[in-house]
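Pasted below: target11.txt, compact mmCIF, C-alpha atoms and all ligand atoms.
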```
# COMPACT_ATOMS: atom_id res chain seq x y z
CA MET D 12 -11.34 -12.68 0.21
CA ASN D 13 -11.72 -10.10 -2.55
CA GLN D 14 -8.70 -9.40 -4.65
CA ILE D 15 -7.12 -5.95 -4.33
CA ARG D 16 -7.27 -4.49 -7.82
CA HIS D 17 -5.61 -1.49 -9.42
CA ASP D 18 -6.96 -2.16 -12.90
CA TRP D 19 -10.62 -1.25 -12.52
CA THR D 20 -12.21 0.39 -15.54
CA LYS D 21 -14.64 3.27 -15.33
CA GLU D 22 -17.34 1.06 -16.88
CA GLU D 23 -16.90 -1.56 -14.16
CA ILE D 24 -17.11 1.10 -11.45
CA LEU D 25 -20.23 2.60 -13.04
CA ASN D 26 -21.83 -0.84 -13.26
CA ILE D 27 -21.19 -1.34 -9.53
CA TYR D 28 -22.58 2.12 -8.73
CA HIS D 29 -25.77 1.60 -10.77
CA GLN D 30 -26.64 -1.86 -9.45
CA PRO D 31 -30.07 -2.23 -7.81
CA MET D 32 -29.62 -0.82 -4.30
CA MET D 33 -30.22 -4.11 -2.50
CA GLU D 34 -27.61 -5.91 -4.63
CA LEU D 35 -25.13 -3.08 -4.11
CA LEU D 36 -25.62 -3.01 -0.34
CA PHE D 37 -25.35 -6.78 -0.09
CA GLU D 38 -22.12 -6.92 -2.12
CA ALA D 39 -20.55 -3.98 -0.27
CA ALA D 40 -21.46 -5.43 3.14
CA LYS D 41 -19.92 -8.79 2.13
CA VAL D 42 -16.66 -7.13 1.07
CA HIS D 43 -16.69 -5.03 4.23
CA ARG D 44 -16.96 -8.10 6.48
CA GLN D 45 -14.12 -9.86 4.67
CA HIS D 46 -11.70 -7.02 5.36
CA HIS D 47 -12.95 -5.19 8.47
CA ASP D 48 -14.82 -5.68 11.71
CA PRO D 49 -18.26 -4.24 10.84
CA ASN D 50 -18.88 -3.23 14.45
CA VAL D 51 -15.83 -0.99 14.72
CA VAL D 52 -15.71 2.59 13.43
CA GLN D 53 -12.71 4.89 13.61
CA VAL D 54 -13.39 8.28 15.22
CA SER D 55 -11.22 11.20 14.12
CA SER D 56 -11.26 14.74 15.38
CA LEU D 57 -10.65 17.50 12.85
CA LEU D 58 -8.98 20.64 14.08
CA SER D 59 -8.45 23.81 12.05
CA ILE D 60 -5.01 24.97 13.18
CA LYS D 61 -4.93 27.87 10.71
CA THR D 62 -8.21 29.15 9.31
CA GLY D 63 -9.12 31.26 6.28
CA GLY D 64 -7.14 33.57 4.01
CA CYS D 65 -6.14 30.84 1.55
CA SER D 66 -4.87 31.97 -1.84
CA GLU D 67 -6.50 29.08 -3.74
CA ASP D 68 -9.87 29.16 -5.50
CA CYS D 69 -11.46 25.80 -4.60
CA ALA D 70 -15.08 26.54 -5.48
CA TYR D 71 -16.50 24.68 -2.46
CA CYS D 72 -14.26 26.22 0.17
CA PRO D 73 -15.31 28.99 2.56
CA GLN D 74 -11.65 29.49 3.55
CA ALA D 75 -10.56 30.84 0.16
CA ALA D 76 -9.65 34.50 0.66
CA ARG D 77 -11.36 35.51 -2.58
CA TYR D 78 -14.85 34.50 -1.43
CA HIS D 79 -16.81 36.45 1.15
CA THR D 80 -18.20 33.79 3.40
CA GLY D 81 -17.98 35.32 6.86
CA VAL D 82 -15.47 32.70 8.01
CA GLU D 83 -13.48 34.15 10.86
CA GLY D 84 -9.84 33.54 10.06
CA HIS D 85 -7.11 32.93 12.61
CA GLY D 86 -3.37 32.48 12.42
CA LEU D 87 -1.54 29.32 13.41
CA MET D 88 -2.64 27.94 16.79
CA SER D 89 -0.13 27.54 19.58
CA ILE D 90 1.18 24.10 20.55
CA GLU D 91 -0.58 24.44 23.94
CA GLN D 92 -3.94 25.11 22.26
CA VAL D 93 -3.50 22.08 20.02
CA LYS D 94 -2.53 19.90 22.97
CA GLU D 95 -5.64 20.96 24.85
CA LYS D 96 -7.89 20.19 21.85
CA ALA D 97 -6.17 16.81 21.38
CA ASN D 98 -6.80 15.98 25.03
CA GLN D 99 -10.49 16.84 24.60
CA ALA D 100 -10.66 14.67 21.46
CA LYS D 101 -9.01 11.74 23.28
CA ALA D 102 -11.51 12.07 26.12
CA ILE D 103 -14.43 11.62 23.71
CA GLY D 104 -12.96 8.46 22.21
CA ALA D 105 -11.16 9.85 19.15
CA SER D 106 -8.11 7.83 18.15
CA ARG D 107 -6.89 10.30 15.55
CA VAL D 108 -6.42 14.05 15.43
CA CYS D 109 -6.40 15.60 11.96
CA MET D 110 -4.92 19.10 11.81
CA GLY D 111 -5.90 21.28 8.87
CA ALA D 112 -4.21 24.50 7.78
CA ALA D 113 -5.65 26.66 4.98
CA TRP D 114 -2.44 26.80 2.95
CA ARG D 115 -1.80 26.32 -0.76
CA ASN D 116 1.38 24.47 0.12
CA VAL D 117 3.74 24.04 3.02
CA LYS D 118 6.55 26.58 3.27
CA ASP D 119 9.68 25.78 5.21
CA GLY D 120 10.14 28.13 8.14
CA PRO D 121 8.97 28.78 11.69
CA GLU D 122 5.30 27.97 11.00
CA PHE D 123 6.12 24.57 9.55
CA ASP D 124 8.51 23.95 12.45
CA GLN D 125 5.62 24.70 14.80
CA VAL D 126 3.37 22.22 12.98
CA LEU D 127 6.13 19.60 13.26
CA GLU D 128 6.19 20.22 17.01
CA MET D 129 2.41 19.79 17.14
CA VAL D 130 2.82 16.44 15.37
CA ARG D 131 5.46 15.33 17.90
CA THR D 132 3.24 16.44 20.78
CA ILE D 133 0.15 14.51 19.65
CA ASN D 134 2.10 11.40 18.65
CA LYS D 135 3.54 11.31 22.16
CA MET D 136 -0.05 11.39 23.47
CA ASP D 137 -0.49 7.99 21.75
CA MET D 138 -2.95 9.24 19.19
CA GLU D 139 -2.69 8.91 15.42
CA VAL D 140 -1.79 12.29 13.90
CA CYS D 141 -2.96 13.36 10.47
CA CYS D 142 -2.24 16.67 8.72
CA THR D 143 -3.81 18.42 5.77
CA LEU D 144 -1.58 21.37 4.90
CA GLY D 145 -1.83 21.61 1.12
CA MET D 146 0.92 20.50 -1.24
CA VAL D 147 4.14 19.11 0.23
CA THR D 148 7.52 18.36 -1.27
CA GLU D 149 9.28 15.04 -0.72
CA ARG D 150 11.59 16.61 1.85
CA GLN D 151 8.72 18.18 3.77
CA ALA D 152 6.94 14.81 3.80
CA GLU D 153 10.11 13.25 5.21
CA ARG D 154 10.22 15.86 7.95
CA LEU D 155 6.59 15.16 8.84
CA ALA D 156 7.34 11.43 8.92
CA GLU D 157 10.29 12.03 11.22
CA ALA D 158 8.09 14.03 13.59
CA GLY D 159 5.76 11.02 13.89
CA LEU D 160 2.99 11.83 11.42
CA TYR D 161 0.70 8.85 10.87
CA ALA D 162 -1.38 10.08 7.90
CA TYR D 163 -1.44 12.89 5.38
CA ASN D 164 -4.70 14.04 3.82
CA HIS D 165 -4.75 15.41 0.29
CA ASN D 166 -8.05 14.93 -1.55
CA LEU D 167 -8.39 14.46 -5.30
CA ASP D 168 -11.78 16.17 -4.87
CA SER D 169 -13.32 14.87 -8.13
CA SER D 170 -12.44 13.25 -11.44
CA GLU D 171 -9.52 14.66 -13.39
CA GLU D 172 -11.99 16.01 -15.97
CA TYR D 173 -14.28 17.77 -13.47
CA TYR D 174 -11.44 18.99 -11.23
CA LYS D 175 -10.80 21.81 -13.72
CA GLU D 176 -14.31 23.14 -13.09
CA ILE D 177 -13.70 23.38 -9.37
CA ILE D 178 -10.11 24.58 -8.97
CA SER D 179 -8.03 26.67 -11.38
CA THR D 180 -5.05 27.60 -9.21
CA ARG D 181 -3.37 24.19 -9.27
CA ALA D 182 -3.63 21.08 -11.38
CA PHE D 183 -4.87 17.55 -10.73
CA GLN D 184 -1.31 16.38 -11.36
CA ASP D 185 -0.08 18.58 -8.46
CA ARG D 186 -2.40 16.59 -6.20
CA LEU D 187 -1.00 13.30 -7.47
CA ASP D 188 2.56 14.62 -7.00
CA THR D 189 1.89 15.45 -3.34
CA ILE D 190 0.38 12.01 -2.76
CA GLU D 191 3.46 10.48 -4.40
CA ASN D 192 5.76 12.53 -2.14
CA VAL D 193 3.89 11.31 0.92
CA ARG D 194 3.96 7.72 -0.37
CA LYS D 195 7.78 7.79 -0.45
CA THR D 196 7.73 7.98 3.36
CA ASN D 197 6.06 5.67 5.86
CA ILE D 198 3.14 8.10 6.29
CA THR D 199 -0.22 6.62 5.31
CA VAL D 200 -2.30 8.36 2.62
CA CYS D 201 -5.79 9.77 3.14
CA SER D 202 -7.39 10.94 -0.10
CA GLY D 203 -10.97 11.17 -1.28
CA GLY D 204 -13.37 13.76 -2.57
CA ILE D 205 -16.68 15.55 -2.58
CA ILE D 206 -19.97 14.70 -4.23
CA GLY D 207 -22.73 17.21 -4.97
CA MET D 208 -20.55 19.85 -6.70
CA GLY D 209 -22.55 19.60 -9.93
CA GLU D 210 -20.51 16.66 -11.23
CA LYS D 211 -21.93 13.71 -13.18
CA VAL D 212 -21.98 10.17 -11.85
CA GLU D 213 -19.21 9.49 -14.40
CA ASP D 214 -17.03 11.98 -12.50
CA ARG D 215 -17.65 10.17 -9.21
CA ALA D 216 -16.59 6.95 -10.95
CA GLY D 217 -13.62 8.80 -12.44
CA MET D 218 -12.48 9.92 -9.01
CA LEU D 219 -12.72 6.38 -7.64
CA LEU D 220 -10.85 5.16 -10.72
CA ALA D 221 -8.00 7.60 -10.06
CA LEU D 222 -7.84 6.61 -6.37
CA SER D 223 -7.95 2.90 -7.18
CA ARG D 224 -5.04 3.29 -9.63
CA LEU D 225 -2.83 4.42 -6.75
CA ASN D 226 -0.74 1.50 -5.64
CA PRO D 227 -1.18 0.86 -2.76
CA HIS D 228 -4.69 2.27 -2.40
CA PRO D 229 -5.00 5.17 0.05
CA GLU D 230 -5.38 3.82 3.58
CA SER D 231 -8.31 6.25 4.09
CA VAL D 232 -10.81 7.59 1.57
CA PRO D 233 -13.07 10.37 2.88
CA ILE D 234 -16.34 10.74 1.01
CA ASN D 235 -17.75 14.21 1.58
CA THR D 236 -21.04 15.69 0.44
CA LEU D 237 -20.90 19.36 -0.41
CA VAL D 238 -21.89 21.75 2.33
CA ALA D 239 -22.98 24.67 0.12
CA VAL D 240 -21.68 27.71 1.98
CA PRO D 241 -23.16 31.10 1.03
CA GLY D 242 -20.53 33.26 -0.65
CA THR D 243 -18.78 30.37 -2.41
CA PRO D 244 -19.35 29.75 -6.13
CA LEU D 245 -21.18 26.54 -5.23
CA GLU D 246 -23.59 28.23 -2.83
CA ASN D 247 -26.63 27.33 -4.95
CA GLU D 248 -25.83 23.68 -5.62
CA GLN D 249 -28.70 21.34 -4.81
CA SER D 250 -27.90 18.93 -2.00
CA VAL D 251 -27.45 15.28 -2.99
CA GLU D 252 -29.90 12.66 -1.79
CA SER D 253 -28.63 10.36 0.91
CA TRP D 254 -29.11 7.43 -1.52
CA GLU D 255 -26.40 8.88 -3.73
CA LEU D 256 -24.01 9.08 -0.81
CA ILE D 257 -24.85 5.51 0.20
CA ARG D 258 -24.21 4.34 -3.37
CA MET D 259 -20.88 6.20 -3.41
CA ILE D 260 -19.77 4.68 -0.12
CA ALA D 261 -20.77 1.16 -1.16
CA THR D 262 -18.95 1.54 -4.50
CA THR D 263 -15.82 2.85 -2.75
CA ARG D 264 -15.92 -0.11 -0.38
CA ILE D 265 -16.11 -2.62 -3.25
CA VAL D 266 -13.42 -0.94 -5.37
CA MET D 267 -10.97 -0.46 -2.45
CA PRO D 268 -11.76 -3.27 0.02
CA GLU D 269 -8.99 -2.63 2.57
CA THR D 270 -9.35 1.14 2.77
CA GLN D 271 -11.04 2.90 5.66
CA VAL D 272 -13.97 4.69 4.06
CA ARG D 273 -14.73 7.87 5.93
CA LEU D 274 -18.17 9.39 6.15
CA SER D 275 -17.13 13.04 6.23
CA ALA D 276 -18.59 16.49 5.58
CA GLY D 277 -22.33 16.67 5.05
CA ARG D 278 -23.18 14.18 7.80
CA THR D 279 -25.52 16.71 9.48
CA SER D 280 -28.01 16.20 6.65
CA LEU D 281 -28.24 12.44 7.35
CA ASN D 282 -30.70 11.01 9.84
CA PRO D 283 -29.48 8.16 12.10
CA GLU D 284 -30.99 5.52 9.81
CA ALA D 285 -29.16 6.88 6.75
CA GLN D 286 -25.90 6.94 8.73
CA ALA D 287 -26.50 3.33 9.80
CA LEU D 288 -26.96 2.39 6.13
CA CYS D 289 -23.66 4.12 5.34
CA PHE D 290 -21.95 1.95 7.98
CA PHE D 291 -23.67 -1.13 6.53
CA ALA D 292 -22.46 -0.10 3.07
CA GLY D 293 -18.86 -0.01 4.28
CA ALA D 294 -18.16 3.33 5.93
CA ASN D 295 -15.96 2.68 8.94
CA SER D 296 -14.66 6.07 9.92
CA ILE D 297 -16.24 9.38 10.94
CA PHE D 298 -15.17 12.80 12.10
CA ALA D 299 -16.44 13.74 15.56
CA GLY D 300 -16.79 17.17 17.08
CA GLU D 301 -19.07 20.11 16.48
CA LYS D 302 -17.19 21.50 13.45
CA LEU D 303 -15.43 20.13 10.39
CA LEU D 304 -12.85 22.88 9.91
CA THR D 305 -15.49 25.59 9.39
CA THR D 306 -18.72 23.70 8.56
CA PRO D 307 -21.14 22.12 11.08
CA ASN D 308 -20.93 18.48 12.17
CA PRO D 309 -23.32 16.33 14.26
CA ASP D 310 -23.28 16.72 17.99
CA LEU D 311 -20.98 14.21 19.69
CA ASN D 312 -23.69 13.03 22.06
CA GLU D 313 -25.83 12.12 19.06
CA ASP D 314 -22.90 10.17 17.59
CA MET D 315 -22.39 8.24 20.80
CA LYS D 316 -26.14 7.55 21.06
CA LEU D 317 -26.06 6.12 17.55
CA PHE D 318 -22.96 4.01 18.34
CA THR D 319 -24.75 2.60 21.41
CA SER D 320 -27.93 1.85 19.44
CA LEU D 321 -25.96 0.05 16.74
CA ASN D 322 -23.53 -1.55 19.20
CA ILE D 323 -20.60 -0.01 17.33
CA HIS D 324 -17.26 0.55 19.08
CA PRO D 325 -14.69 3.26 18.35
CA GLN D 326 -11.47 1.88 16.84
CA LYS D 327 -8.36 1.97 19.02
CA PRO D 328 -5.30 3.83 17.68
CA PHE D 329 -2.53 2.04 15.74
CA ILE D 330 -4.64 -1.03 14.91
CA LYS D 331 -3.84 -0.89 11.19
CA LYS D 332 -0.20 0.19 11.46
CA SER D 333 2.22 0.60 14.34
CA GLN D 334 2.85 3.95 16.01
CA PRO D 335 5.57 5.98 14.24
CA GLU D 336 8.63 6.93 16.21
CA THR D 337 9.19 10.61 16.92
CA VAL D 338 12.58 12.09 16.09
CA GLU D 339 13.24 15.29 18.05
CA ALA D 340 13.99 18.45 16.02
CA GLU D 341 17.60 18.61 17.22
CA ASP D 342 18.23 15.00 16.13
CA SER D 343 16.77 15.44 12.66
CA GLN D 344 18.92 14.31 9.77
CA ILE D 345 16.80 16.07 7.18
CA GLU D 346 17.71 19.55 6.07
CA ALA D 347 14.78 21.89 5.70
CA LEU D 348 15.51 23.66 2.42
CA GLY D 349 17.08 22.91 -0.90
CA GLU D 350 14.26 21.38 -2.91
CA LYS D 351 12.47 23.24 -5.67
CA PRO D 352 8.75 22.47 -5.70
CA ARG D 353 7.31 21.75 -9.15
CA TRP D 354 3.79 23.03 -8.60
CA THR D 355 1.92 24.40 -11.57
CA ARG D 356 -0.37 27.39 -11.82
CA PRO D 357 -2.65 26.45 -14.69
CA GLY D 358 -4.23 29.91 -14.97
CA HIS D 359 -7.47 28.35 -16.15
CA ILE D 360 -10.36 30.69 -15.38
CA ILE D 361 -13.46 29.16 -13.88
CA GLU D 362 -16.47 31.04 -15.12
CA ARG D 363 -18.50 30.62 -11.98
CA ASN D 364 -15.57 31.58 -9.75
CA GLU D 365 -15.24 34.75 -11.77
CA LYS D 366 -18.97 35.40 -11.38
CA ALA D 367 -18.69 34.94 -7.64
CA LYS D 368 -15.94 37.54 -7.51
CA ILE D 369 -17.89 40.03 -9.57
CA ARG D 370 -21.07 39.56 -7.54
CA LYS D 371 -19.39 40.44 -4.25
S1 LIG X 1 -6.46 24.79 -0.68
FE1 LIG X 1 -7.69 24.06 1.04
S2 LIG X 1 -8.03 25.86 2.33
FE2 LIG X 1 -7.32 26.60 0.35
S3 LIG X 1 -9.18 27.09 -0.80
FE3 LIG X 1 -8.61 24.98 -1.34
S4 LIG X 1 -9.70 23.66 0.12
FE4 LIG X 1 -9.77 25.77 0.92
```
Serialized structure, structure tokens:
Amino acid sequence: MNQIRHDWTKEEILNIYHQPMMELLFEAAKVHRQHHDPNVVQVSSLLSIKTGGCSEDCAYCPQAARYHTGVEGHGLMSIEQVKEKANQAKAIGASRVCMGAAWRNVKDGPEFDQVLEMVRTINKMDMEVCCTLGMVTERQAERLAEAGLYAYNHNLDSSEEYYKEIISTRAFQDRLDTIENVRKTNITVCSGGIIGMGEKVEDRAGMLLALSRLNPHPESVPINTLVAVPGTPLENEQSVESWELIRMIATTRIVMPETQVRLSAGRTSLNPEAQALCFFAGANSIFAGEKLLTTPNPDLNEDMKLFTSLNIHPQKPFIKKSQPETVEAEDSQIEALGEKPRWTRPGHIIERNEKAKIRK
């Protein structure tokens, strides 16, 4: 059994990444088999509960209010709408529902209370619930845990060095702080990033280094490839070759053996053979459904056809960790307000973000 390490160096990670492909695949597949059933893949359904109008400037994101991407925004969904979507996701074999809201950070108040109720509702449907709501304070994380949240997603996106080229409205440390706040509860951590944003391979290694330094490692690491959306500053980025994604997945698997490695955005550009190689290299989680928040995703029937061809089975819920208990709002012991968030606003200007604003 491979040792779980938190002391990887960037050089070691780069050496893994640059191995001859056959050596890399063989090593990753060996590690994968030691820690996971290679014929089981977790299926999550991603649901945008509040779309567009975000104040942040993430250069890849069509939901940032400052870019003109044609994304149709909508306010917070109702609990009934979310329940219906969760039922549909369950029917297609999803064991987890991930709810995303285009917020910089969570604000206490009626909208957050509504999200907490959504969490309670889905947890009671015996599905794992994940949220991605932006930055959260320790107290907000506690409230989410009390509601029955299973996982919280907050991506590092890239290396600390390259992060500054992608986002100027909050700092890399803010991301780490939110992950730390989540870690203080019994909620599991989902954190990964995006390749194909113009970063160097060293930045991909740097991101994996930062994730591997977290102790424990995140329970899930999504590896996304950029979907270059017209109107965003990254609209003209060249797409990455599937080999690069396969290398990234295999390296993630070796560096964080127990983590669920999620093949995320950008899957539409992969043919079934490339997806199968990703599973061989250690990916054991996907998002299902026609959309990933606002960008396209493979058709579910195609996913199920691939699962049948490869004899892969969807993972059942609560295999890795038991189902959290739900505390009803009226029984909560946690007061909503009273904590001052320490988020920064670095004020760093990204040249290409500025250009995007001027162009429009
Ligand atoms: S914080 Fe989230 S929703 Fe807002 S711009 Fe960044 S990625 Fe998009």
Q: To one decimal in Å, tell me the separation between CA of Val272 (chain D) and CA of Glu248 (chain D).
A: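 CA of Glu248 (chain D) lies at a distance of 24.4 Å from CA of Val272 (chain D).
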Q. With distances taken over all atoms listed in the file, which of D:Glu246, D:Glu67, D:Asp137, D:Asp124 is nearest to ligand LIG 1 (chain X)?
A.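 Among D:Glu246, D:Glu67, D:Asp137, D:Asp124, it is D:Glu67 that comes nearest to ligand LIG 1 (chain X).
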Q: Determine, counting all atoms listed in the file, which protein, DNA and RNA residues have an atom within 12 Å of an atom of Leu281 (chain D); residues of the same chain fewer than 6 positions away are not included. Present the result as an NGL selection string.
A: :D and (236 or 250-257 or 274-275 or 287-289 or 308-309 or 313-314)
Q: Kindly indicate which residue among D:Ile330, D:Leu144, D:Ala294, D:Met267 lies nearest to Pro49 (chain D), using all atoms listed in the file for the distances.
A: D:Ala294
Q: Could you jot down the CA of Gly81 (chain D) to CA of Gln125 (chain D) separation for me, Å, one decimal place?
A: 27.1 Å
Q) Counting all atoms listed in the file, what residues are within 6 Å of ligand LIG 1 (chain X), given as a list of chain:residue names? A)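 Using all atoms listed in the file, everything at most 6 Å from ligand LIG 1 (chain X) comes to D:Cys65, D:Glu67, D:Asp68, D:Cys69, D:Cys72, D:Gln74, D:Ala75, D:Ala113, D:Trp114, D:Arg115, D:Gly145.
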**Q.** Å distance separating CA of Gln151 (chain D) from CA of Gln334 (chain D), one decimal place
**A.** 19.7 Å
(Q) From the options D:Ala76, D:Ala162, D:Val108, D:Met32, which residue's atoms come nearest to Gly64 (chain D), counting all atoms listed in the file? (A)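 Smallest distance to Gly64 (chain D) is found for D:Ala76.
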Q) Using only C-alpha atoms, which of the listed residues (D:Met136, D:Ile24, D:Ala158, D:Val193) sits closest to Pro328 (chain D)? A)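 Of all the options, D:Met136 lies closest to Pro328 (chain D).
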Q. Of the residues D:Ile234, D:Ala239, D:Ala285, D:Met146, which is the one nearest to Asp168 (chain D), using only C-alpha atoms?
A. D:Ile234
Q | Answer as a PyMOL selection string, residues within 8 Å of (-3.2, 10.7, 17.5) using all atoms listed in the file | A | chain D and resi 97+106-108+133-134+136-141+161+328
(Q) Counting only C-alpha atoms, which residue out of D:Val266, D:Leu57, D:Pro335, D:Arg44 sits closest to Asp18 (chain D)? (A)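 Selected residue with least distance to Asp18 (chain D): D:Val266.
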Q. Gly104 (chain D): which residues within 12 Å, counting only C-alpha atoms, same-chain residues fewer than 6 positions away excluded, as a ChimeraX atom specification?
A. /D:52-56,97-98,138,297-300,311-312,314-315,318,324-328
(Q) as a list of chain:residue names, please: the residues near Thr337 (chain D) (cut-off 10 Å, all atoms listed in the file, same-chain neighbours under 2 positions excluded). (A)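 The residues satisfying every condition are D:Val130, D:Arg131, D:Thr132, D:Asn134, D:Lys135, D:Leu155, D:Ala156, D:Glu157, D:Ala158, D:Gly159, D:Leu160, D:Gln334, D:Pro335, D:Glu339, D:Ala340, D:Ser343.
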Q. Near Ile27 (chain D), within 12 Å and counting only C-alpha atoms, which residues show up once chain neighbours fewer than 2 positions away are dropped, as a PyMOL selection string?
A. chain D and resi 19-25+29-39+212+216+219+258-266
Return region 259-274 of chain D, completed with N, CA and C atoms, as a PDB file, in the frame of the given file.
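Written out: part32.pdb:
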```pdb
ATOM      1  N   MET D 259     -22.296   5.836  -3.255  1.00  0.00           N
ATOM      2  CA  MET D 259     -20.880   6.200  -3.410  1.00  0.00           C
ATOM      3  C   MET D 259     -20.027   5.457  -2.381  1.00  0.00           C
ATOM      4  N   ILE D 260     -20.529   5.377  -1.171  1.00  0.00           N
ATOM      5  CA  ILE D 260     -19.770   4.680  -0.120  1.00  0.00           C
ATOM      6  C   ILE D 260     -19.672   3.189  -0.443  1.00  0.00           C
ATOM      7  N   ALA D 261     -20.781   2.594  -0.855  1.00  0.00           N
ATOM      8  CA  ALA D 261     -20.770   1.160  -1.160  1.00  0.00           C
ATOM      9  C   ALA D 261     -19.816   0.877  -2.324  1.00  0.00           C
ATOM     10  N   THR D 262     -19.829   1.752  -3.334  1.00  0.00           N
ATOM     11  CA  THR D 262     -18.950   1.540  -4.500  1.00  0.00           C
ATOM     12  C   THR D 262     -17.483   1.672  -4.074  1.00  0.00           C
ATOM     13  N   THR D 263     -17.201   2.663  -3.242  1.00  0.00           N
ATOM     14  CA  THR D 263     -15.820   2.850  -2.750  1.00  0.00           C
ATOM     15  C   THR D 263     -15.375   1.603  -1.996  1.00  0.00           C
ATOM     16  N   ARG D 264     -16.252   1.081  -1.163  1.00  0.00           N
ATOM     17  CA  ARG D 264     -15.920  -0.110  -0.380  1.00  0.00           C
ATOM     18  C   ARG D 264     -15.557  -1.292  -1.267  1.00  0.00           C
ATOM     19  N   ILE D 265     -16.345  -1.469  -2.366  1.00  0.00           N
ATOM     20  CA  ILE D 265     -16.110  -2.620  -3.250  1.00  0.00           C
ATOM     21  C   ILE D 265     -14.817  -2.423  -4.064  1.00  0.00           C
ATOM     22  N   VAL D 266     -14.580  -1.195  -4.507  1.00  0.00           N
ATOM     23  CA  VAL D 266     -13.420  -0.940  -5.370  1.00  0.00           C
ATOM     24  C   VAL D 266     -12.115  -0.949  -4.554  1.00  0.00           C
ATOM     25  N   MET D 267     -12.186  -0.492  -3.302  1.00  0.00           N
ATOM     26  CA  MET D 267     -10.970  -0.460  -2.450  1.00  0.00           C
ATOM     27  C   MET D 267     -11.280  -1.165  -1.117  1.00  0.00           C
ATOM     28  N   PRO D 268     -11.249  -2.499  -1.126  1.00  0.00           N
ATOM     29  CA  PRO D 268     -11.760  -3.270   0.020  1.00  0.00           C
ATOM     30  C   PRO D 268     -11.038  -3.019   1.338  1.00  0.00           C
ATOM     31  N   GLU D 269      -9.732  -2.720   1.297  1.00  0.00           N
ATOM     32  CA  GLU D 269      -8.990  -2.630   2.570  1.00  0.00           C
ATOM     33  C   GLU D 269      -8.972  -1.220   3.155  1.00  0.00           C
ATOM     34  N   THR D 270      -9.397  -0.274   2.367  1.00  0.00           N
ATOM     35  CA  THR D 270      -9.350   1.140   2.770  1.00  0.00           C
ATOM     36  C   THR D 270     -10.373   1.447   3.861  1.00  0.00           C
ATOM     37  N   GLN D 271     -10.022   2.398   4.726  1.00  0.00           N
ATOM     38  CA  GLN D 271     -11.040   2.900   5.660  1.00  0.00           C
ATOM     39  C   GLN D 271     -11.831   3.955   4.913  1.00  0.00           C
ATOM     40  N   VAL D 272     -13.121   3.741   4.791  1.00  0.00           N
ATOM     41  CA  VAL D 272     -13.970   4.690   4.060  1.00  0.00           C
ATOM     42  C   VAL D 272     -14.593   5.630   5.091  1.00  0.00           C
ATOM     43  N   ARG D 273     -14.301   6.912   4.900  1.00  0.00           N
ATOM     44  CA  ARG D 273     -14.730   7.870   5.930  1.00  0.00           C
ATOM     45  C   ARG D 273     -15.958   8.675   5.490  1.00  0.00           C
ATOM     46  N   LEU D 274     -16.964   8.598   6.322  1.00  0.00           N
ATOM     47  CA  LEU D 274     -18.170   9.390   6.150  1.00  0.00           C
ATOM     48  C   LEU D 274     -17.819  10.776   6.697  1.00  0.00           C
TER      49      LEU D 274
END
```
